[in-house]
$ cat run_33.txt   # compact mmCIF, C-alpha atoms (C1' of nucleotides)
# COMPACT_ATOMS: atom_id res chain seq x y z
CA MET A 495 0.00 0.00 0.00
CA ASN A 496 1.04 3.62 -0.54
CA ILE A 497 2.11 5.92 2.24
CA GLY A 498 -1.26 7.68 2.37
CA THR A 499 -3.08 4.46 3.12
CA ALA A 500 -0.44 3.43 5.65
CA SER A 501 -0.88 6.82 7.27
CA GLU A 502 -4.65 6.41 7.58
CA GLN A 503 -4.39 2.87 8.88
CA SER A 504 -1.68 3.61 11.43
CA ARG A 505 -3.00 7.07 12.33
CA LEU A 506 0.51 8.44 11.88
CA PRO A 507 1.10 11.53 9.72
CA VAL A 508 2.74 10.90 6.36
CA LYS A 509 5.67 13.06 7.34
CA THR A 510 6.18 11.05 10.49
CA ILE A 511 6.21 7.78 8.59
CA ARG A 512 8.86 9.11 6.23
CA TYR A 513 10.82 10.24 9.24
CA TYR A 514 10.52 6.78 10.78
CA GLU A 515 11.93 5.33 7.60
CA ASP A 516 14.78 7.84 7.73
CA ILE A 517 15.79 6.67 11.17
CA GLY A 518 15.32 3.02 10.29
CA LEU A 519 12.22 2.18 12.29
CA VAL A 520 10.45 0.85 9.20
CA ARG A 521 11.83 -0.25 5.83
CA PRO A 522 9.11 -0.38 3.19
CA LEU A 523 9.94 -1.64 -0.29
CA ARG A 524 9.69 0.69 -3.27
CA SER A 525 7.39 0.33 -6.24
CA GLU A 526 8.74 0.87 -9.76
CA ASN A 527 7.59 4.48 -9.68
CA GLY A 528 9.64 5.13 -6.56
CA TYR A 529 6.64 5.17 -4.23
CA ARG A 530 6.99 3.45 -0.88
CA ASP A 531 5.11 0.17 -0.78
CA PHE A 532 4.08 -0.83 2.71
CA SER A 533 3.42 -4.48 3.49
CA ASP A 534 1.08 -5.67 6.24
CA THR A 535 4.12 -6.28 8.39
CA ASP A 536 5.26 -2.71 7.85
CA LEU A 537 1.81 -1.53 8.82
CA GLN A 538 1.96 -3.59 12.01
CA ARG A 539 5.20 -1.89 12.91
CA LEU A 540 3.68 1.52 12.28
CA LYS A 541 0.67 0.77 14.44
CA PHE A 542 2.97 -0.54 17.13
CA LEU A 543 4.98 2.67 16.95
CA GLN A 544 1.89 4.84 17.07
CA ARG A 545 0.66 3.12 20.18
CA ALA A 546 4.02 3.04 21.92
CA ARG A 547 4.73 6.71 21.16
CA SER A 548 1.30 7.69 22.42
CA LEU A 549 2.15 5.90 25.64
CA GLY A 550 5.17 8.10 26.08
CA PHE A 551 7.95 5.80 24.99
CA SER A 552 10.81 7.60 23.32
CA ILE A 553 11.92 6.69 19.83
CA GLU A 554 14.86 4.73 21.20
CA GLU A 555 12.61 2.89 23.62
CA CYS A 556 10.29 2.14 20.71
CA ARG A 557 13.21 0.75 18.78
CA GLU A 558 14.02 -1.51 21.70
CA LEU A 559 10.40 -2.55 22.17
CA LEU A 560 10.09 -3.27 18.47
CA SER A 561 13.05 -5.56 18.54
CA LEU A 562 11.59 -7.33 21.55
CA TYR A 563 8.27 -7.44 19.73
CA GLU A 564 9.90 -9.20 16.84
CA ASP A 565 12.01 -11.51 18.95
CA GLY A 566 9.85 -14.55 19.57
CA ASN A 567 12.17 -15.59 22.40
CA ARG A 568 12.22 -12.34 24.36
CA ALA A 569 11.68 -12.53 28.07
CA SER A 570 8.61 -10.66 29.23
CA ALA A 571 10.76 -9.39 32.10
CA ASP A 572 12.70 -7.25 29.64
CA VAL A 573 9.56 -5.55 28.39
CA LYS A 574 8.23 -5.15 31.90
CA ALA A 575 11.48 -3.51 33.00
CA ILE A 576 11.25 -0.88 30.28
CA THR A 577 7.62 -0.25 31.14
CA GLN A 578 8.35 0.13 34.81
CA SER A 579 11.21 2.51 34.30
CA LYS A 580 8.79 4.52 32.18
CA ILE A 581 6.33 4.55 35.05
CA SER A 582 9.02 5.81 37.43
CA GLU A 583 9.90 8.50 34.97
CA ILE A 584 6.27 9.56 34.80
CA ASP A 585 6.12 9.64 38.58
CA ARG A 586 9.13 11.91 38.71
CA LYS A 587 7.58 14.23 36.16
CA ILE A 588 4.31 14.37 38.03
CA ASP A 589 6.12 15.19 41.26
CA GLU A 590 8.04 17.94 39.59
CA LEU A 591 4.92 19.43 38.06
CA ARG A 592 3.11 19.24 41.38
CA SER A 593 5.77 21.18 43.20
CA LEU A 594 5.88 23.71 40.39
CA ARG A 595 2.15 24.05 40.64
CA LYS A 596 2.37 24.62 44.34
CA VAL A 597 4.78 27.53 44.02
CA LEU A 598 2.77 29.11 41.23
CA THR A 599 -0.47 28.74 43.15
CA THR A 600 1.04 30.34 46.22
CA LEU A 601 2.26 33.24 44.15
CA SER A 602 -0.98 33.59 42.26
CA ASP A 603 -3.03 33.50 45.46
CA ALA A 604 -0.87 36.24 46.97
CA CYS A 605 -1.45 38.47 43.95
CA HIS A 606 -4.50 40.70 44.11
CA GLY A 607 -4.67 40.68 40.33
CA ASP A 608 -6.05 44.12 39.69
CA SER A 609 -4.85 47.21 37.86
CA ARG A 610 -2.31 48.17 40.50
CA PRO A 611 1.33 47.57 39.60
CA THR A 612 2.26 45.91 42.90
CA CYS A 613 2.71 42.23 42.18
CA PRO A 614 4.08 39.50 44.47
CA ILE A 615 4.67 37.22 41.50
CA ILE A 616 7.02 39.65 39.83
CA ASP A 617 8.61 40.39 43.19
CA ASP A 618 9.34 36.73 43.64
CA LEU A 619 10.80 36.36 40.18
CA ALA A 620 12.93 39.39 40.84
CA GLY A 621 14.22 37.80 44.01
CA LEU A 622 12.47 40.14 46.40
CA GLY A 623 10.74 37.41 48.38
CA GLU A 624 12.00 35.79 51.55
CA PRO A 625 15.72 35.20 51.36
CA ASP A 626 15.68 31.44 50.82
CA ARG A 627 16.78 31.76 47.24
CA ASP A 628 19.16 28.84 47.33
CA MET A 629 16.38 26.47 48.31
CA ARG A 630 14.51 27.11 45.14
CA GLY A 631 14.63 27.24 41.43
CA GLN A 632 16.91 24.33 40.78
CA THR A 633 16.38 23.27 37.21
CA GLY A 634 15.94 19.52 36.90
CA MET B 1415 31.44 41.67 35.42
CA ASN B 1416 32.51 38.92 33.01
CA ILE B 1417 30.24 36.15 31.86
CA GLY B 1418 31.75 33.64 34.27
CA THR B 1419 30.84 35.75 37.27
CA ALA B 1420 27.39 36.45 35.86
CA SER B 1421 26.99 32.71 35.40
CA GLU B 1422 27.88 31.97 39.02
CA GLN B 1423 25.68 34.71 40.39
CA SER B 1424 22.66 33.85 38.28
CA ARG B 1425 23.21 30.09 38.41
CA LEU B 1426 22.77 29.96 34.64
CA PRO B 1427 25.32 28.16 32.45
CA VAL B 1428 27.63 30.40 30.44
CA LYS B 1429 26.30 28.88 27.22
CA THR B 1430 22.75 29.67 28.24
CA ILE B 1431 23.60 33.29 28.95
CA ARG B 1432 25.17 33.67 25.54
CA TYR B 1433 22.08 32.08 24.07
CA TYR B 1434 19.88 34.54 25.96
CA GLU B 1435 21.88 37.37 24.47
CA ASP B 1436 21.46 35.84 21.01
CA ILE B 1437 17.70 35.89 21.35
CA GLY B 1438 17.69 39.35 22.89
CA LEU B 1439 16.74 38.56 26.47
CA VAL B 1440 19.77 40.38 27.83
CA ARG B 1441 22.04 42.96 26.20
CA PRO B 1442 25.32 43.31 28.08
CA LEU B 1443 27.85 45.92 26.98
CA ARG B 1444 31.24 44.88 25.67
CA SER B 1445 34.61 45.67 27.18
CA GLU B 1446 37.46 46.83 24.94
CA ASN B 1447 38.75 43.29 24.66
CA GLY B 1448 35.41 42.11 23.31
CA TYR B 1449 34.35 40.41 26.53
CA ARG B 1450 30.75 40.81 27.62
CA ASP B 1451 30.42 43.19 30.55
CA PHE B 1452 27.35 42.53 32.67
CA SER B 1453 25.91 45.33 34.78
CA ASP B 1454 23.94 44.74 37.97
CA THR B 1455 20.77 45.33 35.95
CA ASP B 1456 21.82 42.63 33.50
CA LEU B 1457 22.44 40.31 36.40
CA GLN B 1458 18.97 41.05 37.78
CA ARG B 1459 17.49 40.06 34.45
CA LEU B 1460 19.48 36.85 34.40
CA LYS B 1461 18.37 35.93 37.91
CA PHE B 1462 14.80 36.73 36.94
CA LEU B 1463 15.13 34.48 33.92
CA GLN B 1464 16.66 31.67 35.93
CA ARG B 1465 13.82 31.75 38.41
CA ALA B 1466 11.09 32.08 35.79
CA ARG B 1467 12.48 29.29 33.63
CA SER B 1468 12.80 27.02 36.64
CA LEU B 1469 9.12 27.68 37.32
CA GLY B 1470 8.30 26.36 33.89
CA PHE B 1471 7.70 29.58 31.98
CA SER B 1472 8.71 29.35 28.35
CA ILE B 1473 11.23 31.72 26.85
CA GLU B 1474 8.47 33.75 25.25
CA GLU B 1475 6.57 33.92 28.53
CA CYS B 1476 9.77 35.02 30.20
CA ARG B 1477 10.14 37.75 27.64
CA GLU B 1478 6.63 38.92 28.44
CA LEU B 1479 7.16 38.69 32.18
CA LEU B 1480 10.43 40.60 31.85
CA SER B 1481 8.73 43.42 30.05
CA LEU B 1482 6.04 43.49 32.74
CA TYR B 1483 8.81 43.35 35.34
CA GLU B 1484 10.38 46.43 33.84
CA ASP B 1485 7.13 48.29 33.31
CA GLY B 1486 6.50 50.16 36.52
CA ASN B 1487 2.88 50.70 35.50
CA ARG B 1488 1.96 47.10 34.70
CA ALA B 1489 -1.26 45.76 36.13
CA SER B 1490 -0.73 42.83 38.46
CA ALA B 1491 -3.72 41.23 36.73
CA ASP B 1492 -1.58 40.74 33.62
CA VAL B 1493 1.06 38.86 35.52
CA LYS B 1494 -1.53 36.83 37.38
CA ALA B 1495 -3.20 35.85 34.12
CA ILE B 1496 0.04 34.44 32.71
CA THR B 1497 0.68 32.59 35.93
CA GLN B 1498 -2.78 31.09 36.02
CA SER B 1499 -2.66 29.94 32.43
CA LYS B 1500 0.62 28.29 33.38
CA ILE B 1501 -1.12 26.54 36.25
CA SER B 1502 -3.84 25.25 33.92
CA GLU B 1503 -1.19 24.01 31.56
CA ILE B 1504 0.50 22.16 34.39
CA ASP B 1505 -2.83 20.64 35.37
CA ARG B 1506 -3.35 19.39 31.85
CA LYS B 1507 0.11 17.87 31.78
CA ILE B 1508 -0.42 16.16 35.11
CA ASP B 1509 -3.73 14.70 33.93
CA GLU B 1510 -2.13 13.41 30.79
CA LEU B 1511 0.72 11.81 32.69
CA ARG B 1512 -1.70 10.26 35.15
CA SER B 1513 -3.72 8.58 32.45
CA LEU B 1514 -0.54 7.40 30.77
CA ARG B 1515 0.61 6.00 34.05
CA LYS B 1516 -2.65 4.18 34.50
CA VAL B 1517 -2.40 2.37 31.18
CA LEU B 1518 1.23 1.46 31.76
CA THR B 1519 0.52 0.21 35.26
CA THR B 1520 -2.35 -1.94 34.04
CA LEU B 1521 -0.12 -3.43 31.39
CA SER B 1522 2.79 -3.92 33.73
CA ASP B 1523 0.60 -5.57 36.34
CA ALA B 1524 -0.76 -7.97 33.76
CA CYS B 1525 2.74 -9.01 32.74
CA HIS B 1526 4.26 -11.88 34.71
CA GLY B 1527 7.72 -10.49 34.01
CA ASP B 1528 9.69 -13.69 33.82
CA SER B 1529 11.75 -15.44 31.18
CA ARG B 1530 8.78 -16.59 29.15
CA PRO B 1531 8.14 -14.74 25.91
CA THR B 1532 4.42 -14.24 26.45
CA CYS B 1533 3.92 -10.56 27.24
CA PRO B 1534 0.65 -8.63 27.53
CA ILE B 1535 2.50 -5.34 27.14
CA ILE B 1536 3.84 -6.27 23.73
CA ASP B 1537 0.48 -7.75 22.82
CA ASP B 1538 -1.17 -4.48 23.62
CA LEU B 1539 1.33 -2.46 21.65
CA ALA B 1540 0.85 -4.85 18.76
CA GLY B 1541 -2.88 -4.25 18.92
CA LEU B 1542 -3.79 -7.70 20.18
CA GLY B 1543 -5.75 -6.46 23.19
CA GLU B 1544 -9.46 -5.80 23.39
CA PRO B 1545 -10.70 -4.26 20.17
CA ASP B 1546 -11.26 -0.71 21.44
CA ARG B 1547 -8.31 0.65 19.53
CA ASP B 1548 -10.01 3.84 18.49
CA MET B 1549 -10.57 4.84 22.10
CA ARG B 1550 -6.89 4.89 22.81
CA GLY B 1551 -3.57 6.18 21.80
CA GLN B 1552 -4.53 9.65 20.72
CA THR B 1553 -1.42 11.78 20.75
CA GLY B 1554 -2.02 15.08 22.49
C1' DG C 704 60.13 37.49 27.72
C1' DA C 705 57.99 33.01 27.37
C1' DT C 706 54.85 29.83 28.77
C1' DT C 707 50.92 27.89 31.05
C1' DG C 708 46.18 27.57 31.89
C1' DA C 709 41.92 29.61 32.83
C1' DC C 710 38.70 32.38 30.69
C1' DC C 711 36.75 34.55 26.88
C1' DT C 712 35.26 34.91 21.75
C1' DT C 713 32.60 33.17 17.44
C1' DC C 714 30.67 29.73 14.65
C1' DC C 715 28.88 25.30 13.52
C1' DA C 716 26.55 21.15 14.58
C1' DG C 717 23.71 18.20 17.36
C1' DT C 718 19.81 17.20 20.50
C1' DC C 719 14.37 15.21 20.06
C1' DA C 720 10.67 14.14 17.23
C1' DC C 721 8.90 15.84 14.16
C1' DT C 722 6.74 19.68 10.82
C1' DG C 723 6.50 22.94 6.91
C1' DG C 724 7.55 24.17 2.45
C1' DA C 725 9.67 24.30 -2.20
C1' DG C 726 10.14 22.17 -6.44
C1' DG C 727 9.02 18.54 -9.13
C1' DC C 728 7.37 13.73 -10.75
C1' DC C 729 3.25 10.38 -11.18
C1' DC C 730 -1.42 8.93 -11.69
C1' DT C 731 -6.26 9.16 -12.60
C1' DA C 732 -10.39 11.20 -14.25
C1' DA C 733 -12.85 14.39 -17.06
C1' DT D 634 -4.89 17.86 -22.37
C1' DT D 635 -5.55 19.58 -18.17
C1' DA D 636 -6.54 19.61 -13.29
C1' DG D 637 -6.10 17.68 -8.94
C1' DG D 638 -4.21 15.03 -5.72
C1' DG D 639 -0.66 12.02 -4.14
C1' DC D 640 3.94 11.04 -4.03
C1' DC D 641 9.09 12.11 -4.11
C1' DT D 642 13.53 14.49 -2.10
C1' DC D 643 15.85 17.99 0.21
C1' DC D 644 16.30 21.84 3.22
C1' DA D 645 15.10 24.49 7.11
C1' DG D 646 12.80 25.41 11.42
C1' DT D 647 10.89 24.23 16.06
C1' DG D 648 12.58 25.01 21.72
C1' DA D 649 16.04 25.69 24.61
C1' DC D 650 19.85 24.77 24.89
C1' DT D 651 24.61 21.97 24.68
C1' DG D 652 29.12 20.41 22.84
C1' DG D 653 33.12 21.26 20.48
C1' DA D 654 36.59 23.42 17.47
C1' DA D 655 39.63 27.16 16.63
C1' DG D 656 41.47 30.96 18.35
C1' DG D 657 42.12 35.57 21.20
C1' DT D 658 43.04 37.55 26.21
C1' DC D 659 44.69 37.78 30.78
C1' DA D 660 47.20 36.90 35.08
C1' DA D 661 50.59 34.35 37.19
C1' DT D 662 54.74 31.93 37.16
C1' DC D 663 59.39 30.66 35.48
$ encode --input "run_33.txt" --output "structure tokens"
Amino acid sequence: MNIGTASEQSRLPVKTIRYYEDIGLVRPLRSENGYRDFSDTDLQRLKFLQRARSLGFSIEECRELLSLYEDGNRASADVKAITQSKISEIDRKIDELRSLRKVLTTLSDACHGDSRPTCPIIDDLAGLGEPDRDMRGQTG
Amino acid sequence: MNIGTASEQSRLPVKTIRYYEDIGLVRPLRSENGYRDFSDTDLQRLKFLQRARSLGFSIEECRELLSLYEDGNRASADVKAITQSKISEIDRKIDELRSLRKVLTTLSDACHGDSRPTCPIIDDLAGLGEPDRDMRGQTG
DNA sequence: GATTGACCTTCCAGTCACTGGAGGCCCTAA
DNA sequence: TTAGGGCCTCCAGTGACTGGAAGGTCAATC
């Protein structure tokens, strides 16, 4: 099938599929006219990639998962390990966002939010808050 | 002061400061030898940027906040609005991560994680799960 | 005065995962 | 024959840096 059909079926943009070919995630044959010709197996890979990407796996993780997918002898433990490290990563991100949210909420709550120029948010950003600067603002 | 000192004081990498100059977030003078010469005002901006970035504001948001910071007549409502839209954004991200986490946890829990090749995680990625494919995997 | 080494400069390329666009070929239908 | 849509490649841009090469500057030491 042509790339357009593969795109519809896999729900991946055409551009993305071409990109995936570029980086070797899928290797469709070529028709005589130079068009990519996707087999059912290729389509399976694309669907796999779509799902895995939407679950937050990076391209390199997808590559790894794909090779496990296609290795009939893989140990499920290997796949589970990748998945669990992904879960930990998500947990870390959630924590980080939560603490960010907390600071922003505190600042926002302290701000009267009217037409006056006085603004605790700006004051904080400018370093005019309590002098515990070194406790905060560490970039992850 | 030289860029190294500005870097220490602002806790921003030297490279980042040069980048910020490139994109016009800070405009230090130059000494006769061509070295950047940061004033106290420049340093204030850098510290402001460090704090704002660490709170998750994008570069463009920082630019906006900086101009509000330097506008003595700004309305605090403007700053509060940016902050609150940031909070909503964080909430959206957290929700997304939570639902991702849920799917991954379900999959991981279903996987025995031993040396056998049978793996529900891979099966799901391959589209061998329940046939509700169209309900899932929408990329945000 | 020469050398060392830290610090500074610019410029280019790479990161991640695409996305947009230009310029042009191919195919089908009217 | 023409119009349109689909396909091709290649290049550049996104965001926010980061790494590295090649080279100039400065202060201290020999």
$ interface_residues --input "run_33.txt" --of "chain A" --to "chain D" --cutoff "9 Å" --atoms "all atoms listed in the file" --output "ChimeraX atom specification"
/A:496-498,528-530
$ closest_residue --input "run_33.txt" --among "C:DA732, C:DG726, C:DC721, C:DA716" --to "chain A" --atoms "all atoms listed in the file"
C:DC721
$ closest_residue --input "run_33.txt" --among "B:Asp1537, B:Asp1436, B:Glu1422, B:Glu1503" --to "Ser1522 (chain B)" --atoms "all atoms listed in the file"
B:Asp1537
$ closest_atom_pairs --input "run_33.txt" --of "chain A" --to "chain B" --cutoff "7 Å" --atoms "all atoms listed in the file" --output "CSV"
residue,atom,partner,partner_atom,distance
A:Gln538,CA,B:Ala1540,CA,7.0
A:Phe542,CA,B:Ala1540,CA,5.1
A:Arg545,CA,B:Gly1551,CA,5.5
A:Ala546,CA,B:Leu1539,CA,6.1
A:Ser548,CA,B:Gly1551,CA,5.1
A:Leu549,CA,B:Leu1514,CA,6.0
A:Tyr563,CA,B:Ile1536,CA,6.1
A:Gly566,CA,B:Pro1531,CA,6.6
A:Asn567,CA,B:Pro1531,CA,5.4
A:Arg568,CA,B:Pro1531,CA,5.0
A:Ala569,CA,B:Ser1529,CA,4.3
A:Ser570,CA,B:Gly1527,CA,4.9
A:Ala571,CA,B:Gly1527,CA,3.8
A:Lys574,CA,B:Gly1527,CA,5.8
A:Thr577,CA,B:Ser1522,CA,6.6
A:Gln578,CA,B:Ser1522,CA,7.0
A:Ile581,CA,B:Arg1515,CA,6.0
A:Ile584,CA,B:Leu1511,CA,6.3
A:Ile588,CA,B:Ile1508,CA,5.8
A:Leu591,CA,B:Ile1504,CA,6.4
A:Leu594,CA,B:Leu1469,CA,6.0
A:Arg595,CA,B:Ile1501,CA,6.0
A:Leu598,CA,B:Thr1497,CA,6.7
A:Ser602,CA,B:Lys1494,CA,5.9
A:Cys605,CA,B:Lys1494,CA,6.8
A:Gly607,CA,B:Ala1491,CA,3.8
A:Asp608,CA,B:Ala1491,CA,4.7
A:Ser609,CA,B:Ala1489,CA,4.2
A:Arg610,CA,B:Ala1489,CA,5.1
A:Pro611,CA,B:Ala1489,CA,4.7
A:Thr612,CA,B:Ser1490,CA,6.2
A:Cys613,CA,B:Ser1490,CA,5.1
A:Ile616,CA,B:Tyr1483,CA,6.1
A:Leu619,CA,B:Phe1462,CA,5.2
A:Ala620,CA,B:Phe1462,CA,5.1
A:Gly631,CA,B:Ser1468,CA,5.1
A:Gln632,CA,B:Ser1468,CA,6.4
A:Thr633,CA,B:Ser1468,CA,5.2
$ closest_atom_pairs --input "run_33.txt" --of "chain C" --to "chain B" --cutoff "8 Å" --atoms "only C-alpha atoms (C1' of nucleotides)" --output "tab-separated table"
residue	atom	partner	partner_atom	distance
C:DC710	C1'	B:Gly1418	CA	7.9
C:DC711	C1'	B:Tyr1449	CA	6.3
C:DT712	C1'	B:Tyr1449	CA	7.3
$ atom_distance --input "run_33.txt" --atom1 "CA of Ile1437 (chain B)" --atom2 "CA of Leu622 (chain A)"
25.9 Å
$ axis_aligned_box --input "run_33.txt" --around "region 710-728 of chain C" --padding-each-side "6 Å" --output "AutoDock Vina command-line options"
--center_x 22.6 --center_y 24.3 --center_z 10.0 --size_x 44.2 --size_y 33.2 --size_z 53.4
$ atom_distance --input "run_33.txt" --atom1 "CA of Thr1419 (chain B)" --atom2 "C1' of DA705 (chain C)"
29.0 Å
$ decode --input "run_33.txt" --residues "region 643-655 of chain D" --atoms "N, CA and C atoms (P, O5', C5', C4', C3', O3' and C1' of nucleotides)" --output "mmCIF file, in the first residue's frame"
data_model
loop_
_atom_site.group_PDB
_atom_site.id
_atom_site.type_symbol
_atom_site.label_atom_id
_atom_site.label_comp_id
_atom_site.auth_asym_id
_atom_site.auth_seq_id
_atom_site.Cartn_x
_atom_site.Cartn_y
_atom_site.Cartn_z
ATOM 1 P P DC D 643 17.643 13.348 -1.330
ATOM 2 O "O5'" DC D 643 17.605 14.899 -0.989
ATOM 3 C "C5'" DC D 643 17.441 15.841 -2.054
ATOM 4 C "C4'" DC D 643 17.267 17.233 -1.472
ATOM 5 C "C3'" DC D 643 18.107 17.491 -0.210
ATOM 6 O "O3'" DC D 643 18.706 18.769 -0.328
ATOM 7 C "C1'" DC D 643 15.848 17.987 0.210
ATOM 8 P P DC D 644 19.882 19.164 0.665
ATOM 9 O "O5'" DC D 644 19.302 20.477 1.323
ATOM 10 C "C5'" DC D 644 18.530 21.384 0.530
ATOM 11 C "C4'" DC D 644 17.742 22.281 1.458
ATOM 12 C "C3'" DC D 644 18.482 22.611 2.765
ATOM 13 O "O3'" DC D 644 18.453 24.016 2.935
ATOM 14 C "C1'" DC D 644 16.298 21.839 3.218
ATOM 15 P P DA D 645 19.247 24.656 4.149
ATOM 16 O "O5'" DA D 645 18.056 25.240 5.017
ATOM 17 C "C5'" DA D 645 16.862 25.694 4.392
ATOM 18 C "C4'" DA D 645 15.828 25.963 5.471
ATOM 19 C "C3'" DA D 645 16.447 26.380 6.812
ATOM 20 O "O3'" DA D 645 15.610 27.371 7.383
ATOM 21 C "C1'" DA D 645 15.102 24.490 7.112
ATOM 22 P P DG D 646 16.098 28.177 8.682
ATOM 23 O "O5'" DG D 646 14.885 27.924 9.669
ATOM 24 C "C5'" DG D 646 13.527 28.053 9.238
ATOM 25 C "C4'" DG D 646 12.651 27.431 10.293
ATOM 26 C "C3'" DG D 646 13.130 27.728 11.715
ATOM 27 O "O3'" DG D 646 12.052 28.258 12.478
ATOM 28 C "C1'" DG D 646 12.801 25.406 11.423
ATOM 29 P P DT D 647 12.366 28.919 13.898
ATOM 30 O "O5'" DT D 647 11.683 27.875 14.870
ATOM 31 C "C5'" DT D 647 10.308 27.504 14.714
ATOM 32 C "C4'" DT D 647 10.031 26.301 15.566
ATOM 33 C "C3'" DT D 647 10.539 26.433 16.995
ATOM 34 O "O3'" DT D 647 9.447 26.820 17.816
ATOM 35 C "C1'" DT D 647 10.891 24.234 16.057
ATOM 36 P P DG D 648 9.635 28.010 18.848
ATOM 37 O "O5'" DG D 648 10.076 27.275 20.170
ATOM 38 C "C5'" DG D 648 9.594 26.001 20.504
ATOM 39 C "C4'" DG D 648 10.286 25.545 21.778
ATOM 40 C "C3'" DG D 648 11.064 26.630 22.511
ATOM 41 O "O3'" DG D 648 10.986 26.313 23.893
ATOM 42 C "C1'" DG D 648 12.579 25.006 21.716
ATOM 43 P P DA D 649 11.169 27.448 24.949
ATOM 44 O "O5'" DA D 649 12.642 27.093 25.442
ATOM 45 C "C5'" DA D 649 12.855 25.858 26.088
ATOM 46 C "C4'" DA D 649 14.328 25.558 26.103
ATOM 47 C "C3'" DA D 649 15.232 26.747 26.494
ATOM 48 O "O3'" DA D 649 16.143 26.295 27.468
ATOM 49 C "C1'" DA D 649 16.040 25.686 24.608
ATOM 50 P P DC D 650 16.914 27.356 28.347
ATOM 51 O "O5'" DC D 650 18.108 27.805 27.383
ATOM 52 C "C5'" DC D 650 19.385 27.194 27.459
ATOM 53 C "C4'" DC D 650 19.354 25.787 26.909
ATOM 54 C "C3'" DC D 650 20.663 25.054 27.127
ATOM 55 O "O3'" DC D 650 20.451 23.954 28.007
ATOM 56 C "C1'" DC D 650 19.848 24.773 24.894
ATOM 57 P P DT D 651 21.651 23.448 28.902
ATOM 58 O "O5'" DT D 651 22.636 22.745 27.853
ATOM 59 C "C5'" DT D 651 22.342 21.439 27.387
ATOM 60 C "C4'" DT D 651 23.414 21.023 26.416
ATOM 61 C "C3'" DT D 651 24.847 21.215 26.920
ATOM 62 O "O3'" DT D 651 25.449 19.939 26.903
ATOM 63 C "C1'" DT D 651 24.607 21.967 24.682
ATOM 64 P P DG D 652 26.892 19.730 27.545
ATOM 65 O "O5'" DG D 652 27.767 19.479 26.246
ATOM 66 C "C5'" DG D 652 27.263 18.658 25.215
ATOM 67 C "C4'" DG D 652 28.268 18.605 24.087
ATOM 68 C "C3'" DG D 652 29.706 18.824 24.531
ATOM 69 O "O3'" DG D 652 30.502 17.826 23.920
ATOM 70 C "C1'" DG D 652 29.121 20.413 22.841
ATOM 71 P P DG D 653 32.030 17.713 24.172
ATOM 72 O "O5'" DG D 653 32.638 18.414 22.880
ATOM 73 C "C5'" DG D 653 32.117 18.101 21.591
ATOM 74 C "C4'" DG D 653 32.826 18.956 20.559
ATOM 75 C "C3'" DG D 653 34.277 19.282 20.902
ATOM 76 O "O3'" DG D 653 35.057 19.160 19.728
ATOM 77 C "C1'" DG D 653 33.116 21.258 20.478
ATOM 78 P P DA D 654 36.648 19.088 19.859
ATOM 79 O "O5'" DA D 654 37.089 19.984 18.615
ATOM 80 C "C5'" DA D 654 36.302 19.967 17.410
ATOM 81 C "C4'" DA D 654 36.558 21.241 16.638
ATOM 82 C "C3'" DA D 654 38.005 21.707 16.671
ATOM 83 O "O3'" DA D 654 38.376 22.151 15.373
ATOM 84 C "C1'" DA D 654 36.592 23.423 17.465
ATOM 85 P P DA D 655 39.886 22.277 14.982
ATOM 86 O "O5'" DA D 655 40.109 23.857 14.965
ATOM 87 C "C5'" DA D 655 39.223 24.680 14.215
ATOM 88 C "C4'" DA D 655 39.497 26.125 14.563
ATOM 89 C "C3'" DA D 655 40.972 26.419 14.873
ATOM 90 O "O3'" DA D 655 41.341 27.618 14.217
ATOM 91 C "C1'" DA D 655 39.628 27.160 16.634
#
